[in-house]
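The data block below is model.txt; it holds compact mmCIF, C-alpha atoms and all ligand atoms.
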```txt
# COMPACT_ATOMS: atom_id res chain seq x y z
CA MET K 77 14.48 15.48 40.63
CA VAL K 78 11.80 16.02 38.00
CA THR K 79 8.39 15.08 39.32
CA SER K 80 5.34 14.71 37.14
CA SER K 81 2.58 17.20 37.77
CA ALA K 82 0.22 14.22 37.86
CA THR K 83 0.99 13.15 41.40
CA ALA K 84 -0.45 10.08 43.01
CA GLY K 85 -3.03 12.04 44.97
CA THR K 86 -4.86 13.33 41.88
CA MET K 87 -4.18 10.72 39.25
CA ASN K 88 -7.50 9.75 37.79
CA GLY K 89 -8.10 12.79 35.65
CA GLN K 90 -11.47 13.56 37.25
CA GLY K 91 -9.96 15.43 40.15
CA ALA K 92 -11.01 12.88 42.75
CA THR K 93 -8.25 11.66 45.04
CA ARG K 94 -7.13 8.10 44.56
CA LYS K 95 -5.77 5.92 47.30
CA LEU K 96 -2.13 5.04 47.47
CA ALA K 97 -1.30 1.49 46.48
CA VAL K 98 2.41 1.83 47.20
CA HIS K 99 4.22 4.39 49.33
CA CYS K 100 8.03 4.44 49.55
CA LYS K 101 9.93 7.14 51.41
CA SER K 102 13.74 7.18 51.83
CA VAL K 103 13.95 3.41 51.29
CA THR K 104 17.49 2.03 51.48
CA LYS K 105 18.86 -1.46 50.91
CA THR K 106 22.42 -2.78 51.10
CA TYR K 107 23.60 -6.29 50.24
CA GLY K 108 26.55 -8.00 51.92
CA ALA K 109 28.96 -6.54 54.44
CA GLY K 110 32.48 -5.18 54.74
CA GLY K 111 34.40 -5.05 51.47
CA ALA K 112 31.63 -6.93 49.64
CA LYS K 113 28.99 -4.35 50.58
CA VAL K 114 26.78 -3.15 47.69
CA THR K 115 24.32 -0.32 48.20
CA ALA K 116 21.41 -1.12 45.88
CA LEU K 117 18.86 1.50 47.05
CA ARG K 118 20.04 4.90 48.32
CA GLY K 119 16.79 6.53 49.46
CA ILE K 120 13.90 5.75 47.15
CA ASP K 121 10.86 8.06 47.17
CA LEU K 122 8.00 6.64 45.11
CA ASP K 123 4.21 6.74 45.44
CA ILE K 124 1.96 4.67 43.18
CA ALA K 125 -1.78 5.29 43.12
CA THR K 126 -4.53 2.69 42.76
CA GLY K 127 -5.53 2.38 39.13
CA GLU K 128 -2.03 3.33 38.04
CA LEU K 129 0.47 1.51 35.83
CA MET K 130 3.96 2.63 36.92
CA MET K 131 6.97 1.60 34.90
CA LEU K 132 10.48 1.51 36.38
CA VAL K 133 13.35 1.96 33.95
CA GLY K 134 17.09 2.39 34.28
CA PRO K 135 20.45 0.79 33.55
CA SER K 136 21.36 -2.75 34.58
CA GLY K 137 22.29 -2.90 38.26
CA CYS K 138 20.55 0.38 39.20
CA GLY K 139 18.28 -1.35 41.73
CA LYS K 140 15.03 -2.07 39.90
CA THR K 141 14.65 -5.72 40.95
CA THR K 142 15.72 -4.84 44.48
CA LEU K 143 13.09 -2.10 44.68
CA ILE K 144 10.20 -4.23 43.48
CA SER K 145 11.32 -7.06 45.77
CA VAL K 146 11.11 -4.66 48.73
CA ILE K 147 7.72 -3.35 47.55
CA ALA K 148 6.40 -6.92 47.18
CA GLY K 149 7.69 -7.93 50.61
CA ILE K 150 10.11 -10.50 49.22
CA LEU K 151 13.11 -8.58 50.56
CA ASP K 152 13.39 -6.54 53.78
CA ARG K 153 14.48 -2.93 53.43
CA ASP K 154 17.23 -1.56 55.69
CA ALA K 155 15.55 1.79 56.43
CA GLY K 156 12.82 4.16 55.29
CA GLU K 157 9.06 3.75 54.92
CA CYS K 158 7.33 1.31 52.57
CA THR K 159 3.65 0.43 52.63
CA VAL K 160 1.41 -1.53 50.26
CA PHE K 161 -2.27 -0.58 50.56
CA GLY K 162 -1.33 1.00 53.88
CA VAL K 163 0.31 -2.17 55.20
CA ASP K 164 3.96 -2.20 56.31
CA PHE K 165 5.48 -5.68 55.85
CA ASN K 166 8.14 -4.89 58.47
CA THR K 167 5.50 -4.80 61.19
CA MET K 168 4.05 -8.21 60.30
CA SER K 169 4.97 -11.71 61.45
CA ALA K 170 6.42 -14.00 58.79
CA SER K 171 3.16 -15.93 58.50
CA ALA K 172 0.99 -12.78 58.31
CA LYS K 173 3.31 -11.41 55.64
CA THR K 174 3.10 -14.60 53.58
CA LYS K 175 -0.69 -14.58 53.89
CA PHE K 176 -1.06 -10.91 52.90
CA ARG K 177 1.34 -11.34 50.00
CA GLY K 178 -0.42 -14.51 48.84
CA SER K 179 -3.77 -12.73 48.59
CA ASN K 180 -2.70 -9.28 47.46
CA VAL K 181 0.50 -9.47 45.43
CA GLY K 182 1.25 -11.14 42.09
CA PHE K 183 4.91 -11.24 41.07
CA VAL K 184 6.40 -12.02 37.65
CA PHE K 185 10.07 -12.83 38.23
CA GLN K 186 12.81 -11.83 35.81
CA ALA K 187 13.79 -15.52 35.60
CA PHE K 188 10.13 -16.77 35.47
CA ASN K 189 10.67 -19.22 38.42
CA LEU K 190 8.25 -21.85 37.10
CA ILE K 191 8.16 -25.23 38.85
CA PRO K 192 9.77 -27.64 36.33
CA THR K 193 7.79 -30.73 37.36
CA LEU K 194 4.36 -29.07 37.04
CA THR K 195 2.44 -28.51 33.80
CA ALA K 196 1.69 -24.97 32.62
CA ALA K 197 -1.86 -25.09 34.03
CA GLU K 198 -0.62 -26.49 37.36
CA ASN K 199 2.02 -23.76 37.60
CA VAL K 200 -0.64 -21.09 37.05
CA ALA K 201 -2.86 -22.80 39.66
CA VAL K 202 -0.22 -22.63 42.43
CA PRO K 203 -1.29 -19.26 43.95
CA LEU K 204 -4.92 -20.47 44.11
CA MET K 205 -3.94 -23.74 45.82
CA ILE K 206 -1.81 -21.80 48.32
CA LEU K 207 -4.95 -19.78 49.09
CA GLY K 208 -6.82 -23.04 49.77
CA GLU K 209 -8.65 -23.68 46.49
CA GLY K 210 -9.10 -27.38 45.58
CA ARG K 211 -6.71 -28.79 43.03
CA SER K 212 -9.06 -29.48 40.12
CA ALA K 213 -10.89 -26.12 40.39
CA ALA K 214 -7.55 -24.32 40.63
CA VAL K 215 -6.10 -26.11 37.59
CA LYS K 216 -9.31 -25.35 35.63
CA LYS K 217 -8.89 -21.64 36.42
CA GLY K 218 -5.20 -21.97 35.54
CA LYS K 219 -6.17 -23.32 32.14
CA GLU K 220 -8.64 -20.45 31.59
CA MET K 221 -5.96 -17.91 32.49
CA LEU K 222 -3.58 -19.58 30.01
CA GLU K 223 -6.22 -19.08 27.31
CA LYS K 224 -6.19 -15.34 28.04
CA VAL K 225 -2.42 -15.17 27.45
CA GLY K 226 -2.78 -17.19 24.22
CA LEU K 227 -1.50 -20.51 25.59
CA GLY K 228 -4.73 -22.48 26.03
CA GLU K 229 -3.54 -25.34 23.87
CA ARG K 230 -0.29 -25.80 25.79
CA TYR K 231 -1.80 -26.21 29.25
CA LYS K 232 -0.40 -29.72 29.67
CA SER K 233 3.16 -28.77 28.68
CA LEU K 234 6.00 -28.73 31.16
CA PRO K 235 8.07 -25.52 31.31
CA SER K 236 10.98 -27.34 29.60
CA GLN K 237 8.71 -28.01 26.62
CA LEU K 238 7.88 -24.31 26.19
CA SER K 239 9.85 -21.49 24.55
CA GLY K 240 11.17 -18.61 26.68
CA GLY K 241 8.31 -16.35 25.58
CA GLN K 242 5.75 -19.06 26.35
CA GLN K 243 7.25 -19.62 29.81
CA GLN K 244 7.06 -15.88 30.36
CA ARG K 245 3.35 -15.92 29.54
CA VAL K 246 2.81 -18.81 31.99
CA ALA K 247 4.56 -16.70 34.66
CA ILE K 248 2.30 -13.74 33.83
CA ALA K 249 -0.82 -15.93 33.98
CA ARG K 250 0.32 -17.20 37.41
CA ALA K 251 0.71 -13.63 38.68
CA LEU K 252 -2.82 -12.70 37.55
CA VAL K 253 -4.86 -15.82 38.35
CA HIS K 254 -5.75 -14.94 41.96
CA GLU K 255 -6.66 -11.35 40.99
CA PRO K 256 -4.17 -9.65 43.32
CA ARG K 257 -4.48 -5.93 44.07
CA LEU K 258 -0.80 -5.29 43.32
CA ILE K 259 0.90 -6.88 40.33
CA VAL K 260 4.66 -6.51 40.07
CA CYS K 261 6.42 -7.61 36.88
CA ASP K 262 10.17 -7.78 36.26
CA GLU K 263 10.75 -7.44 32.50
CA PRO K 264 7.44 -9.11 31.49
CA THR K 265 7.98 -8.65 27.75
CA SER K 266 11.73 -9.36 27.51
CA ALA K 267 11.28 -12.72 25.76
CA LEU K 268 8.26 -11.73 23.69
CA ASP K 269 8.04 -10.51 20.11
CA HIS K 270 6.52 -7.09 19.45
CA GLU K 271 2.96 -8.31 18.80
CA THR K 272 2.84 -10.75 21.76
CA GLY K 273 4.38 -8.07 23.99
CA HIS K 274 1.55 -5.72 23.08
CA VAL K 275 -1.06 -8.46 23.63
CA ILE K 276 0.35 -9.08 27.12
CA MET K 277 0.50 -5.37 27.93
CA ARG K 278 -3.11 -4.93 26.81
CA LEU K 279 -4.07 -7.89 28.99
CA LEU K 280 -2.21 -6.47 31.97
CA LYS K 281 -3.64 -3.00 31.47
CA ASN K 282 -7.22 -3.79 30.50
CA VAL K 283 -7.89 -6.99 32.45
CA ALA K 284 -5.61 -6.80 35.47
CA LEU K 285 -5.60 -3.08 36.16
CA LYS K 286 -8.76 -1.97 37.95
CA ASP K 287 -9.52 1.18 39.95
CA ASP K 288 -8.56 -0.50 43.23
CA ARG K 289 -5.41 -2.17 41.89
CA ALA K 290 -1.96 -1.12 40.76
CA LEU K 291 0.62 -2.45 38.37
CA VAL K 292 4.39 -1.96 38.62
CA ILE K 293 6.46 -3.01 35.62
CA VAL K 294 10.24 -3.03 35.36
CA THR K 295 11.29 -2.84 31.74
CA HIS K 296 14.05 -2.05 29.27
CA ASP K 297 11.53 -2.41 26.45
CA ALA K 298 10.90 1.06 25.00
CA ARG K 299 8.21 -0.45 22.77
CA ILE K 300 5.87 -0.73 25.78
CA PHE K 301 6.59 2.64 27.47
CA GLY K 302 3.40 4.05 25.94
CA PHE K 303 1.27 1.72 28.12
CA ALA K 304 2.48 3.41 31.34
CA ASP K 305 0.62 6.08 33.27
CA ARG K 306 3.98 7.26 34.63
CA ILE K 307 7.57 6.19 34.13
CA ALA K 308 10.12 6.42 36.97
CA LYS K 309 13.76 6.55 35.90
CA LEU K 310 16.17 4.98 38.36
CA ASP K 311 19.93 5.36 38.42
CA ASP K 312 22.41 4.14 41.00
CA GLY K 313 19.74 3.32 43.59
CA GLU K 314 17.78 6.57 43.29
CA VAL K 315 14.66 7.78 41.46
CA LYS K 316 15.95 10.51 39.15
CA SER K 317 12.66 11.51 37.50
CA ILE K 318 9.00 10.55 37.23
CA GLN K 319 7.18 11.55 34.05
CA THR K 320 4.14 10.63 32.00
CA PRO K 321 4.71 9.19 28.48
CA GLU K 322 3.30 12.47 27.11
CA GLU K 323 5.92 14.45 29.04
CA MET K 324 8.55 12.17 27.49
CA ASN K 325 7.03 12.66 24.01
CA ILE K 326 6.07 8.98 23.80
CA GLY K 327 2.82 8.08 22.06
CA VAL K 328 0.17 6.55 24.32
CA ALA K 329 -0.43 2.84 23.53
CA LYS K 330 -3.85 1.24 23.74
N1 LIG V 1 21.77 -10.99 46.30
C1 LIG V 1 22.64 -9.99 46.05
N2 LIG V 1 23.83 -9.93 46.69
C2 LIG V 1 24.70 -8.93 46.47
N3 LIG V 1 24.47 -7.91 45.61
C3 LIG V 1 23.30 -7.92 44.93
C4 LIG V 1 22.34 -8.96 45.11
N4 LIG V 1 21.27 -8.70 44.31
C5 LIG V 1 21.59 -7.57 43.65
N5 LIG V 1 22.79 -7.09 44.02
C6 LIG V 1 23.44 -5.85 43.57
O1 LIG V 1 22.58 -4.75 43.83
C7 LIG V 1 22.57 -3.83 42.74
C8 LIG V 1 21.15 -3.70 42.22
O2 LIG V 1 20.77 -4.95 41.65
P1 LIG V 1 19.34 -5.19 40.98
O3 LIG V 1 19.22 -6.64 40.71
O4 LIG V 1 18.30 -4.57 41.83
O5 LIG V 1 19.50 -4.35 39.62
P2 LIG V 1 18.52 -4.23 38.36
O6 LIG V 1 18.29 -2.76 38.14
O7 LIG V 1 17.33 -5.08 38.54
O8 LIG V 1 19.45 -4.78 37.17
P3 LIG V 1 19.04 -5.62 35.82
O9 LIG V 1 18.45 -4.60 34.87
O10 LIG V 1 20.36 -6.12 35.35
O11 LIG V 1 18.10 -6.70 36.21
C9 LIG V 1 23.57 -4.38 41.72
O12 LIG V 1 24.81 -3.74 41.92
C10 LIG V 1 23.66 -5.84 42.06
O13 LIG V 1 24.93 -6.37 41.74
MG MG V 2 16.67 -6.82 37.56
```
Could you quickly redo this structure as structure tokens?
Amino acid sequence: MVTSSATAGTMNGQGATRKLAVHCKSVTKTYGAGGAKVTALRGIDLDIATGELMMLVGPSGCGKTTLISVIAGILDRDAGECTVFGVDFNTMSASAKTKFRGSNVGFVFQAFNLIPTLTAAENVAVPLMILGEGRSAAVKKGKEMLEKVGLGERYKSLPSQLSGGQQQRVAIARALVHEPRLIVCDEPTSALDHETGHVIMRLLKNVALKDDRALVIVTHDARIFGFADRIAKLDDGEVKSIQTPEEMNIGVAK
């Protein structure tokens, strides 16, 4: 395995040690049983520092969605260690897990998963309402977040009235609105044109990524690789290499 010299412990370029946002060691995950058994993760080792944007790349079916689902506590791993800001979801009750995830994790699903009967602003407001914020204040913040992703004028639209790229931006706004410490995105630019994809990446990197937060992005989109701090290549349920864009001869995007 090729490992970047810029390891999680010394990532910020000033020599000071950053905290770990995500720690995975020998993580395995199998779906199904018997003849239908599929091994999706075969022993994943991956550390992501606070302040870091980690991209996960690799062929279809290699385990990317499975890995981020385990990291985000949506899916239970079979074995290995996995902590998020030092917390192990496997040791928590279902309600404690839901509460921690609600406050600390924002997730952009590959299939967007918007609620069809809610407007764009209401969809974005859902995480805030789950955290106890009143409806009108939450929807107001939802509308403001939509403005940041360039959809301010469409806040009253239902998902079915929006294009794929617009729905994707609603899903991104929903993942950011409660300012979670860990933001996990599954193909966030897949339905976006080049310019909108760069706008969203700049938003994610400059607005959402702070020193005490981390961003994990699954992507096939080589046009956004330059936004990463490091890029982990997965294949067949394993991390094959972790490199910086510079090490991969990719220009850094701003
Ligand atoms: N619910 C499930 N039941 C059974 N097998 C599954 C399930 N979800 C995923 N798999 C299998 O696990 C493996 C990893 O799937 P995963 O969705 O993590 O891949 P991926 O890298 O995200 O692929 P893509 O780029 O196509 O989204 C695949 O072989 C897939 O068929
Ligand atoms: Mg996937």
Could you pull out the residues sitting within 9 Å of ligand LIG 1 (chain V), using only C-alpha atoms and all ligand atoms, and write them as an MDAnalysis selection string?
-> chainID K and resid 105:108 112:117 133:145 186 262:263 294:296 310:313
From the list K:Ala187, K:Thr159, K:Arg153, K:Gln242, which residue is nearest ligand MG 2 (chain V) when using only C-alpha atoms and all ligand atoms?
->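 For ligand MG 2 (chain V), the nearest of the given residues is K:Ala187.
Note that CA of Met221 (chain K) and CA of Ile124 (chain K) are 26.2 Å apart.
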Two-atom distance - CA of Lys281 (chain K), CA of Asn166 (chain K) (Å) | 29.5 Å
Nearest to Asp288 (chain K): which of K:Leu258, K:Ala247, K:Ala304, K:Ile276 is it, counting all atoms listed in the file?
->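 Smallest distance to Asp288 (chain K) is found for K:Leu258.
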May I have the residues within 8 Å of Gly149 (chain K) as number ranges by chain, using only C-alpha atoms and disregarding those fewer than 6 positions away in the same chain?
-> K: 165, 173, 177
Store the residues of this selection in a file with C-alpha atoms, as a short mmCIF file (atom, residue, chain, number, x, y, z; two decimals), in the frame of the given file.
```
data_model
loop_
_atom_site.label_atom_id
_atom_site.label_comp_id
_atom_site.auth_asym_id
_atom_site.auth_seq_id
_atom_site.Cartn_x
_atom_site.Cartn_y
_atom_site.Cartn_z
CA PHE K 165 5.48 -5.68 55.85
CA LYS K 173 3.31 -11.41 55.64
CA ARG K 177 1.34 -11.34 50.00
#
```
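Compared by their closest atoms to Val246 (chain K), and using only C-alpha atoms, the residues K:Ser179, K:Ser233, K:Ser212, K:Thr167 rank with K:Ser233 nearest.
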Leaving out Gly228 (chain K) and any residue of its chain fewer than 5 positions from it, which residues lie within 12 Å of it when counting only C-alpha atoms, given as number ranges by chain?
-> K: 196-197, 200, 216-223, 233, 242, 245-246, 249
In Å, rounded to a single decimal, give me how far CA of Ile293 (chain K) is from CA of Cys261 (chain K).
->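 CA of Cys261 (chain K) sits 4.8 Å away from CA of Ile293 (chain K).
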Within 12 Å of Val163 (chain K), counting only C-alpha atoms, which residues show up once you throw out same-chain ones fewer than 6 positions away? Write them as number ranges by chain, please.
-> K: 96-100, 147-149, 157, 172-173, 176-177, 180
File of the preceding selection, C-alpha atoms, as an mmCIF file, in the coordinates of the input:
```cif
data_model
loop_
_atom_site.group_PDB
_atom_site.id
_atom_site.type_symbol
_atom_site.label_atom_id
_atom_site.label_comp_id
_atom_site.auth_asym_id
_atom_site.auth_seq_id
_atom_site.Cartn_x
_atom_site.Cartn_y
_atom_site.Cartn_z
ATOM 1 C CA LEU K 96 -2.130 5.040 47.470
ATOM 2 C CA ALA K 97 -1.300 1.490 46.480
ATOM 3 C CA VAL K 98 2.410 1.830 47.200
ATOM 4 C CA HIS K 99 4.220 4.390 49.330
ATOM 5 C CA CYS K 100 8.030 4.440 49.550
ATOM 6 C CA ILE K 147 7.720 -3.350 47.550
ATOM 7 C CA ALA K 148 6.400 -6.920 47.180
ATOM 8 C CA GLY K 149 7.690 -7.930 50.610
ATOM 9 C CA GLU K 157 9.060 3.750 54.920
ATOM 10 C CA ALA K 172 0.990 -12.780 58.310
ATOM 11 C CA LYS K 173 3.310 -11.410 55.640
ATOM 12 C CA PHE K 176 -1.060 -10.910 52.900
ATOM 13 C CA ARG K 177 1.340 -11.340 50.000
ATOM 14 C CA ASN K 180 -2.700 -9.280 47.460
#
```
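Among the candidate residues K:Arg250, K:Gly110, K:Ile259, K:Phe185, the one lying nearest to ligand MG 2 (chain V) is K:Phe185, with distances computed using all atoms listed in the file.
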Which residue out of K:Val103, K:Ala251, K:Ala125, K:Leu285 has the minimum interatomic distance to Gly162 (chain K) when all atoms listed in the file are used?
->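 Going through K:Val103, K:Ala251, K:Ala125, K:Leu285 one by one, the smallest distance to Gly162 (chain K) is for K:Ala125.
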Which residues, written as an NGL selection string, have at least one atom at most 12 Å from region 273-275 of chain K, with all atoms listed in the file counted and residues fewer than 4 positions away on the same chain left out?
-> :K and (224-226 or 241-242 or 244-245 or 248 or 263-269 or 279-283 or 295 or 297-303 or 329-330)
Quick one: of K:Ile326, K:Leu194, K:Ala201, K:Leu132, who's nearest to ligand MG 2 (chain V), counting only C-alpha atoms and all ligand atoms?
->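 Closest to ligand MG 2 (chain V), using only C-alpha atoms and all ligand atoms: K:Leu132.
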Could you rebuild region 139-152 of chain K with N, CA and C atoms and give it back as an mmCIF file, keeping the file's coordinate frame?
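Here's the written file part.cif:
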```cif
data_model
loop_
_atom_site.group_PDB
_atom_site.id
_atom_site.type_symbol
_atom_site.label_atom_id
_atom_site.label_comp_id
_atom_site.auth_asym_id
_atom_site.auth_seq_id
_atom_site.Cartn_x
_atom_site.Cartn_y
_atom_site.Cartn_z
ATOM 1 N N GLY K 139 19.085 -1.062 40.551
ATOM 2 C CA GLY K 139 18.280 -1.350 41.730
ATOM 3 C C GLY K 139 16.816 -1.654 41.479
ATOM 4 N N LYS K 140 16.440 -1.875 40.227
ATOM 5 C CA LYS K 140 15.030 -2.070 39.900
ATOM 6 C C LYS K 140 14.449 -3.333 40.551
ATOM 7 N N THR K 141 15.149 -4.468 40.371
ATOM 8 C CA THR K 141 14.650 -5.720 40.950
ATOM 9 C C THR K 141 14.643 -5.639 42.467
ATOM 10 N N THR K 142 15.670 -5.003 43.024
ATOM 11 C CA THR K 142 15.720 -4.840 44.480
ATOM 12 C C THR K 142 14.515 -4.043 44.963
ATOM 13 N N LEU K 143 14.209 -2.949 44.259
ATOM 14 C CA LEU K 143 13.090 -2.100 44.680
ATOM 15 C C LEU K 143 11.768 -2.849 44.628
ATOM 16 N N ILE K 144 11.501 -3.548 43.530
ATOM 17 C CA ILE K 144 10.200 -4.230 43.480
ATOM 18 C C ILE K 144 10.140 -5.405 44.455
ATOM 19 N N SER K 145 11.297 -5.979 44.777
ATOM 20 C CA SER K 145 11.320 -7.060 45.770
ATOM 21 C C SER K 145 10.981 -6.512 47.157
ATOM 22 N N VAL K 146 11.462 -5.305 47.457
ATOM 23 C CA VAL K 146 11.110 -4.660 48.730
ATOM 24 C C VAL K 146 9.623 -4.318 48.735
ATOM 25 N N ILE K 147 9.142 -3.734 47.630
ATOM 26 C CA ILE K 147 7.720 -3.350 47.550
ATOM 27 C C ILE K 147 6.829 -4.578 47.726
ATOM 28 N N ALA K 148 7.221 -5.701 47.126
ATOM 29 C CA ALA K 148 6.400 -6.920 47.180
ATOM 30 C C ALA K 148 6.595 -7.711 48.468
ATOM 31 N N GLY K 149 7.492 -7.246 49.337
ATOM 32 C CA GLY K 149 7.690 -7.930 50.610
ATOM 33 C C GLY K 149 8.524 -9.197 50.507
ATOM 34 N N ILE K 150 9.246 -9.334 49.403
ATOM 35 C CA ILE K 150 10.110 -10.500 49.220
ATOM 36 C C ILE K 150 11.456 -10.263 49.901
ATOM 37 N N LEU K 151 11.821 -8.978 50.005
ATOM 38 C CA LEU K 151 13.110 -8.580 50.560
ATOM 39 C C LEU K 151 12.839 -7.505 51.616
ATOM 40 N N ASP K 152 13.550 -7.581 52.751
ATOM 41 C CA ASP K 152 13.390 -6.540 53.780
ATOM 42 C C ASP K 152 14.250 -5.335 53.454
#
```
